>>> print(open('structure32.csv').read())   # CSV, C-alpha atoms
chain,number,residue,atom,x,y,z
A,1,MET,CA,-48.7,-21.0,-20.3
A,2,LYS,CA,-46.5,-22.6,-23.0
A,3,ARG,CA,-43.0,-23.6,-22.2
A,4,ARG,CA,-40.1,-23.1,-24.6
A,5,VAL,CA,-38.6,-26.3,-25.9
A,6,THR,CA,-35.3,-24.7,-26.9
A,7,GLU,CA,-34.0,-24.1,-23.3
A,8,GLY,CA,-32.4,-26.7,-21.1
A,9,ALA,CA,-33.5,-27.7,-17.7
A,10,ALA,CA,-32.3,-25.4,-14.9
A,11,ALA,CA,-33.0,-24.6,-11.3
A,12,HIS,CA,-35.4,-21.7,-10.8
A,13,THR,CA,-36.8,-19.5,-8.1
A,14,PRO,CA,-40.5,-19.0,-8.6
A,15,LEU,CA,-41.8,-15.5,-8.1
A,16,PRO,CA,-44.9,-15.1,-5.9
A,17,LEU,CA,-47.0,-14.8,-8.9
A,18,PHE,CA,-49.6,-17.0,-10.6
A,19,ARG,CA,-50.2,-16.7,-14.4
A,20,VAL,CA,-51.6,-18.7,-17.3
A,21,CYS,CA,-49.3,-19.1,-20.1
A,22,ARG,CA,-47.2,-21.4,-22.3
A,23,SER,CA,-44.0,-22.0,-20.2
A,24,LEU,CA,-40.5,-22.1,-21.4
A,25,ALA,CA,-39.7,-25.8,-22.3
A,26,PRO,CA,-38.2,-28.0,-19.6
A,27,VAL,CA,-37.4,-25.0,-17.5
A,28,LEU,CA,-39.8,-23.9,-14.8
A,29,ALA,CA,-40.5,-20.3,-15.6
A,30,THR,CA,-40.0,-17.7,-12.9
A,31,VAL,CA,-43.8,-17.2,-12.8
A,32,LEU,CA,-46.5,-19.7,-12.3
A,33,ALA,CA,-48.7,-20.2,-15.4
A,34,VAL,CA,-51.8,-21.9,-16.7
A,35,SER,CA,-52.2,-23.3,-20.2
A,36,ALA,CA,-55.3,-23.8,-22.3
A,37,CYS,CA,-56.6,-26.1,-25.0
A,38,SER,CA,-59.3,-26.3,-27.5
A,39,ALA,CA,-62.8,-27.7,-27.2
A,40,PRO,CA,-65.2,-29.7,-29.4
A,41,PRO,CA,-68.6,-28.6,-30.7
A,42,ALA,CA,-71.0,-27.5,-27.9
A,43,PRO,CA,-72.8,-30.4,-26.3
A,44,GLN,CA,-76.5,-30.3,-25.9
A,45,ASP,CA,-76.3,-29.6,-22.2
A,46,ALA,CA,-74.3,-26.4,-22.6
A,47,ARG,CA,-75.8,-23.1,-23.9
A,48,PHE,CA,-73.9,-19.9,-23.9
A,49,VAL,CA,-75.8,-16.7,-23.0
A,50,PRO,CA,-74.1,-13.4,-23.5
A,51,ALA,CA,-74.3,-11.3,-20.4
A,52,GLY,CA,-72.2,-8.3,-21.4
A,53,GLY,CA,-70.0,-6.3,-19.2
A,54,GLY,CA,-66.4,-6.8,-18.3
A,55,VAL,CA,-64.6,-8.6,-15.4
A,56,SER,CA,-65.0,-6.6,-12.3
A,57,GLN,CA,-62.4,-8.5,-10.3
A,58,THR,CA,-59.8,-6.3,-8.7
A,59,GLY,CA,-56.2,-6.6,-7.8
A,60,SER,CA,-54.9,-8.0,-11.1
A,61,VAL,CA,-51.3,-9.2,-11.2
A,62,SER,CA,-49.2,-11.3,-13.5
A,63,THR,CA,-50.5,-14.7,-12.7
A,64,GLY,CA,-51.5,-17.9,-14.4
A,65,ALA,CA,-55.1,-18.8,-15.1
A,66,LEU,CA,-55.7,-18.2,-11.5
A,67,GLY,CA,-54.0,-14.9,-11.2
A,68,VAL,CA,-52.8,-14.5,-7.6
A,69,GLY,CA,-49.6,-14.3,-5.6
A,70,LEU,CA,-48.5,-17.5,-3.9
A,71,SER,CA,-47.8,-15.4,-0.8
A,72,GLY,CA,-51.5,-15.0,-0.4
A,73,PRO,CA,-54.7,-14.4,-2.5
A,74,ILE,CA,-55.5,-11.0,-3.8
A,75,PRO,CA,-58.5,-9.6,-1.9
A,76,TYR,CA,-61.7,-10.5,-3.7
A,77,THR,CA,-65.3,-10.2,-2.6
A,78,GLY,CA,-68.6,-11.1,-4.2
A,79,ALA,CA,-69.5,-13.4,-7.0
A,80,SER,CA,-67.6,-13.6,-10.3
A,81,PRO,CA,-69.3,-11.8,-13.2
A,82,TYR,CA,-69.9,-14.3,-16.0
A,83,THR,CA,-70.6,-14.3,-19.7
A,84,SER,CA,-71.8,-17.8,-20.4
A,85,VAL,CA,-74.0,-20.3,-18.5
A,86,SER,CA,-75.0,-23.9,-18.9
A,87,GLN,CA,-78.6,-24.9,-19.6
A,88,GLY,CA,-80.1,-26.2,-16.3
A,89,SER,CA,-78.6,-26.7,-12.9
A,90,VAL,CA,-76.0,-29.4,-12.0
A,91,SER,CA,-75.9,-31.6,-8.9
A,92,GLY,CA,-73.3,-33.4,-6.9
A,93,GLN,CA,-70.1,-32.5,-5.1
A,94,ARG,CA,-66.5,-33.8,-5.3
A,95,SER,CA,-64.2,-34.2,-2.5
A,96,GLY,CA,-60.7,-32.7,-2.5
A,97,GLY,CA,-59.6,-29.1,-2.1
A,98,PRO,CA,-61.3,-25.9,-1.2
A,99,ALA,CA,-63.5,-26.1,-4.3
A,100,SER,CA,-65.4,-29.1,-2.9
A,101,PHE,CA,-68.6,-27.7,-4.4
A,102,ALA,CA,-67.5,-28.3,-7.9
A,103,PRO,CA,-70.0,-30.0,-10.3
A,104,PRO,CA,-69.5,-33.7,-11.4
A,105,ALA,CA,-66.5,-34.0,-13.7
A,106,ASP,CA,-68.5,-35.1,-16.8
A,107,GLN,CA,-70.7,-32.0,-16.6
A,108,ALA,CA,-67.8,-29.7,-16.0
A,109,ASP,CA,-65.8,-31.3,-18.8
A,110,ALA,CA,-68.7,-30.9,-21.3
A,111,PHE,CA,-69.1,-27.2,-20.5
A,112,ALA,CA,-65.4,-26.5,-20.5
A,113,ILE,CA,-64.9,-28.2,-23.9
A,114,SER,CA,-67.8,-26.3,-25.5
A,115,TYR,CA,-66.7,-23.0,-24.0
A,116,LEU,CA,-63.1,-23.3,-24.9
A,117,ASN,CA,-64.1,-24.3,-28.5
A,118,SER,CA,-66.1,-21.1,-28.7
A,119,ILE,CA,-63.1,-18.9,-28.0
A,120,GLN,CA,-60.4,-21.0,-29.7
A,121,ARG,CA,-60.5,-19.2,-33.1
A,122,ARG,CA,-60.4,-15.8,-31.5
A,123,SER,CA,-57.3,-17.0,-29.6
A,124,PHE,CA,-55.7,-18.1,-32.9
A,125,ALA,CA,-56.6,-14.9,-34.7
A,126,GLU,CA,-55.2,-12.6,-32.0
A,127,HIS,CA,-52.2,-14.9,-31.4
A,128,ARG,CA,-52.7,-14.6,-27.7
A,129,GLU,CA,-53.8,-16.7,-24.8
A,130,LEU,CA,-57.2,-16.1,-23.3
A,131,CYS,CA,-58.0,-16.9,-19.6
A,132,GLY,CA,-60.8,-16.9,-17.1
A,133,TYR,CA,-62.7,-19.0,-14.6
A,134,PHE,CA,-65.6,-21.4,-14.4
A,135,VAL,CA,-68.0,-20.9,-11.5
A,136,LEU,CA,-71.3,-22.2,-10.1
A,137,THR,CA,-74.0,-19.6,-10.1
A,138,PRO,CA,-76.4,-19.2,-7.2
A,139,SER,CA,-79.0,-21.2,-9.2
A,140,GLY,CA,-76.6,-24.1,-9.6
A,141,GLU,CA,-75.6,-23.5,-13.3
A,142,ILE,CA,-72.0,-23.7,-14.6
A,143,ALA,CA,-70.8,-20.4,-15.9
A,144,ALA,CA,-67.7,-18.8,-17.4
A,145,THR,CA,-66.2,-15.4,-16.6
A,146,PRO,CA,-65.4,-13.3,-19.7
A,147,PRO,CA,-62.1,-14.2,-21.3
A,148,VAL,CA,-59.2,-12.0,-20.3
A,149,PRO,CA,-56.7,-11.3,-23.1
A,150,GLY,CA,-53.1,-12.3,-22.5
A,151,ASP,CA,-50.1,-12.4,-24.8
A,152,LEU,CA,-48.3,-15.0,-27.0
A,153,ALA,CA,-47.5,-17.3,-24.1
A,154,SER,CA,-49.2,-16.0,-21.0
A,155,CYS,CA,-52.3,-14.6,-19.5
A,156,SER,CA,-52.9,-12.7,-16.2
A,157,GLN,CA,-56.1,-12.1,-14.2
A,158,ALA,CA,-57.3,-11.4,-10.7
A,159,ALA,CA,-57.5,-14.0,-7.9
A,160,PRO,CA,-60.4,-16.5,-8.1
A,161,GLY,CA,-63.6,-15.7,-6.2
A,162,ALA,CA,-65.3,-18.0,-3.7
A,163,ASP,CA,-67.6,-19.4,-6.4
A,164,VAL,CA,-64.8,-20.5,-8.7
A,165,PHE,CA,-64.2,-24.3,-9.1
A,166,ALA,CA,-61.8,-24.2,-12.1
A,167,SER,CA,-59.6,-21.9,-14.2
A,168,TYR,CA,-59.5,-22.0,-18.0
A,169,HIS,CA,-57.1,-20.8,-20.6
A,170,THR,CA,-56.2,-21.3,-24.3
A,171,HIS,CA,-52.6,-21.8,-25.6
A,172,GLY,CA,-53.3,-19.4,-28.5
A,173,ALA,CA,-51.9,-20.1,-31.9
A,174,PHE,CA,-49.2,-22.6,-32.8
A,175,ASP,CA,-45.6,-21.4,-32.1
A,176,ASP,CA,-42.4,-23.1,-33.0
A,177,GLY,CA,-40.1,-23.6,-30.1
A,178,TYR,CA,-42.9,-24.0,-27.5
A,179,ASP,CA,-44.4,-27.1,-25.9
A,180,ASN,CA,-47.8,-26.1,-27.3
A,181,GLU,CA,-49.8,-29.3,-26.7
A,182,VAL,CA,-49.4,-30.0,-23.0
A,183,PRO,CA,-49.9,-27.9,-19.9
A,184,SER,CA,-46.9,-26.4,-18.2
A,185,PRO,CA,-45.7,-27.4,-14.7
A,186,GLU,CA,-46.6,-23.9,-13.7
A,187,ASP,CA,-50.2,-24.5,-14.9
A,188,LEU,CA,-50.6,-27.4,-12.6
A,189,MET,CA,-48.9,-25.8,-9.6
A,190,GLY,CA,-51.1,-22.7,-9.9
A,191,ASP,CA,-54.4,-24.7,-9.8
A,192,PHE,CA,-53.1,-27.0,-7.0
A,193,HIS,CA,-52.1,-24.0,-4.9
A,194,PHE,CA,-55.8,-22.8,-4.9
A,195,GLY,CA,-57.3,-26.2,-4.6
A,196,ILE,CA,-59.2,-26.0,-7.8
A,197,ASP,CA,-59.2,-27.7,-11.2
A,198,GLY,CA,-58.1,-26.1,-14.5
A,199,TYR,CA,-58.8,-26.5,-18.2
A,200,VAL,CA,-56.4,-25.9,-21.0
A,201,SER,CA,-56.9,-25.9,-24.8
A,202,THR,CA,-54.1,-26.3,-27.3
A,203,PRO,CA,-53.5,-25.2,-30.9
A,204,GLY,CA,-53.8,-28.9,-32.0
A,205,GLY,CA,-57.4,-29.0,-30.6
A,206,ARG,CA,-56.7,-30.9,-27.3
A,207,VAL,CA,-58.3,-30.2,-24.0
A,208,TRP,CA,-56.7,-31.0,-20.7
A,209,ARG,CA,-58.2,-31.0,-17.2
A,210,VAL,CA,-55.8,-30.1,-14.4
A,211,GLU,CA,-57.2,-32.4,-11.7
A,212,TYR,CA,-56.6,-31.3,-8.1
A,213,ASP,CA,-57.8,-34.5,-6.6
A,214,VAL,CA,-55.1,-36.7,-8.4
A,215,GLN,CA,-52.5,-33.9,-8.8
A,216,ALA,CA,-52.1,-34.4,-12.5
A,217,ALA,CA,-53.2,-33.1,-15.9
A,218,LEU,CA,-55.6,-35.5,-17.7
A,219,LEU,CA,-56.3,-35.4,-21.5
A,220,ILE,CA,-60.1,-35.3,-21.7
A,221,CYS,CA,-60.3,-34.4,-25.4
A,222,GLY,CA,-57.8,-35.6,-28.0
A,223,GLN,CA,-56.2,-33.9,-31.1
A,224,GLY,CA,-58.8,-32.2,-33.2
A,225,CYS,CA,-61.7,-32.5,-30.8
A,226,VAL,CA,-61.9,-28.7,-30.8
A,227,ALA,CA,-60.9,-26.0,-33.3
A,228,VAL,CA,-57.4,-26.5,-34.6
A,229,ASP,CA,-55.0,-23.7,-35.6
A,230,PRO,CA,-54.6,-23.8,-39.4
A,231,ASN,CA,-50.8,-23.4,-38.9
A,232,TYR,CA,-50.6,-26.3,-36.5
A,233,ASP,CA,-47.6,-28.6,-37.1
A,234,PHE,CA,-48.7,-32.3,-36.5
A,235,ALA,CA,-45.2,-33.2,-35.6
A,236,ASP,CA,-46.2,-31.7,-32.2
A,237,ASP,CA,-48.4,-34.8,-31.8
A,238,LEU,CA,-45.3,-37.1,-31.2
A,239,GLY,CA,-44.8,-38.5,-27.7
A,240,ILE,CA,-47.8,-36.9,-26.0
A,241,ARG,CA,-49.2,-39.0,-23.1
A,242,ASN,CA,-52.8,-38.9,-21.7
A,243,ARG,CA,-51.7,-37.9,-18.2
A,244,TYR,CA,-48.9,-35.8,-16.7
A,245,THR,CA,-47.7,-35.0,-13.2
A,246,VAL,CA,-45.7,-31.8,-12.5
A,247,ALA,CA,-42.5,-33.9,-12.4
A,248,GLN,CA,-43.2,-35.5,-15.8
A,249,LEU,CA,-43.9,-32.1,-17.4
A,250,GLN,CA,-40.6,-30.8,-15.9
A,251,ALA,CA,-38.8,-33.7,-17.6
A,252,ARG,CA,-40.2,-33.1,-21.1
>>> encode(input="structure32.csv", output="structure tokens")
Amino acid sequence: MKRRVTEGAAAHTPLPLFRVCRSLAPVLATVLAVSACSAPPAPQDARFVPAGGGVSQTGSVSTGALGVGLSGPIPYTGASPYTSVSQGSVSGQRSGGPASFAPPADQADAFAISYLNSIQRRSFAEHRELCGYFVLTPSGEIAATPPVPGDLASCSQAAPGADVFASYHTHGAFDDGYDNEVPSPEDLMGDFHFGIDGYVSTPGGRVWRVEYDVQAALLICGQGCVAVDPNYDFADDLGIRNRYTVAQLQAR
């Protein structure tokens, strides 16, 4: 989610919801959210294969990229349906949260950047966020669930399945008054709650990885590395760091 930059800091009481969106500037929104950023041209190890069909997950609520209430996950069984897969299987595991089966970061990053780049222009054109999940298929490939359409600054979907290792979402088109180019505190808290990573693309063409293991958002792809909104204001580039914790994002 994108945060409004026009509102001052204030105390908040989070609702038991998890949603992806651009949050309201230094104020923690009353819902958890997950932001998304853009991605560069598809690397050679990522190939998208249309699979058709829609998302069959059930129990949708207003949530962030993850889409679940903090009071407990929405019931979900079976593997996540997916629309895009990587070419070849991946190997390796990472330590950390529940998603300990996640692929090596470099392979996950390459796939995420390529996939987000592929949906970035649609997100601009529709002036809405798009969200979904990255999973490991039974054959060991990285795959993406079909993007779920959100609104100008948020995106809701069902709870993550057992095969999910990361959420993803775009930040849509550039909007004055929003902190477009960085994830929101809610974005980080949502992923951390489920013990998974997250990927966010921005109107300026940045891609962030919300890293569970280090409890921070890391810039993995700088300005212009993926599709850039034609209406992007480069003044938004000022003061952006390469890494943010929840507390640092709350202080912006």
>>> atom_distance(input="structure32.csv", atom1="atom CA of A:Pro146", atom2="atom CA of A:Tyr178")
26.1 Å
>>> closest_residue(input="structure32.csv", among="A:Val182, A:Gly239, A:Gln248, A:Asn117", to="A:Cys225", atoms="only C-alpha atoms")
A:Asn117
>>> atom_distance(input="structure32.csv", atom1="atom CA of A:Asp191", atom2="atom CA of A:Cys131")
13.0 Å
>>> atom_distance(input="structure32.csv", atom1="atom CA of A:Pro203", atom2="atom CA of A:Ala153")
12.0 Å
>>> closest_atom_pairs(input="structure32.csv", of="stretch 126-167 of chain A", to="stretch 192-196 of chain A", cutoff="8 Å", atoms="only C-alpha atoms", output="JSON lines")
{"residue": "A:Val164", "atom": "CA", "partner": "A:Ile196", "partner_atom": "CA", "distance": 7.9}
{"residue": "A:Phe165", "atom": "CA", "partner": "A:Ile196", "partner_atom": "CA", "distance": 5.4}
{"residue": "A:Ala166", "atom": "CA", "partner": "A:Ile196", "partner_atom": "CA", "distance": 5.3}
{"residue": "A:Ser167", "atom": "CA", "partner": "A:Ile196", "partner_atom": "CA", "distance": 7.6}
>>> residues_around(input="structure32.csv", residues="A:Asp179", least_positions_apart="2", cutoff="7 Å", atoms="all atoms listed in the file", output="PyMOL selection string")
chain A and resi 2-5+25+177+181-182
>>> closest_residue(input="structure32.csv", among="A:Asp109, A:Asp236, A:Glu126, A:Asp213", to="A:Ile142", atoms="only C-alpha atoms")
A:Asp109
>>> closest_residue(input="structure32.csv", among="A:Pro185, A:Asn180, A:Ser201, A:Ala173", to="A:Ala251", atoms="all atoms listed in the file")
A:Pro185
>>> closest_residue(input="structure32.csv", among="A:Tyr244, A:Asp233, A:Val207, A:Glu186", to="A:Cys221", atoms="only C-alpha atoms")
A:Val207
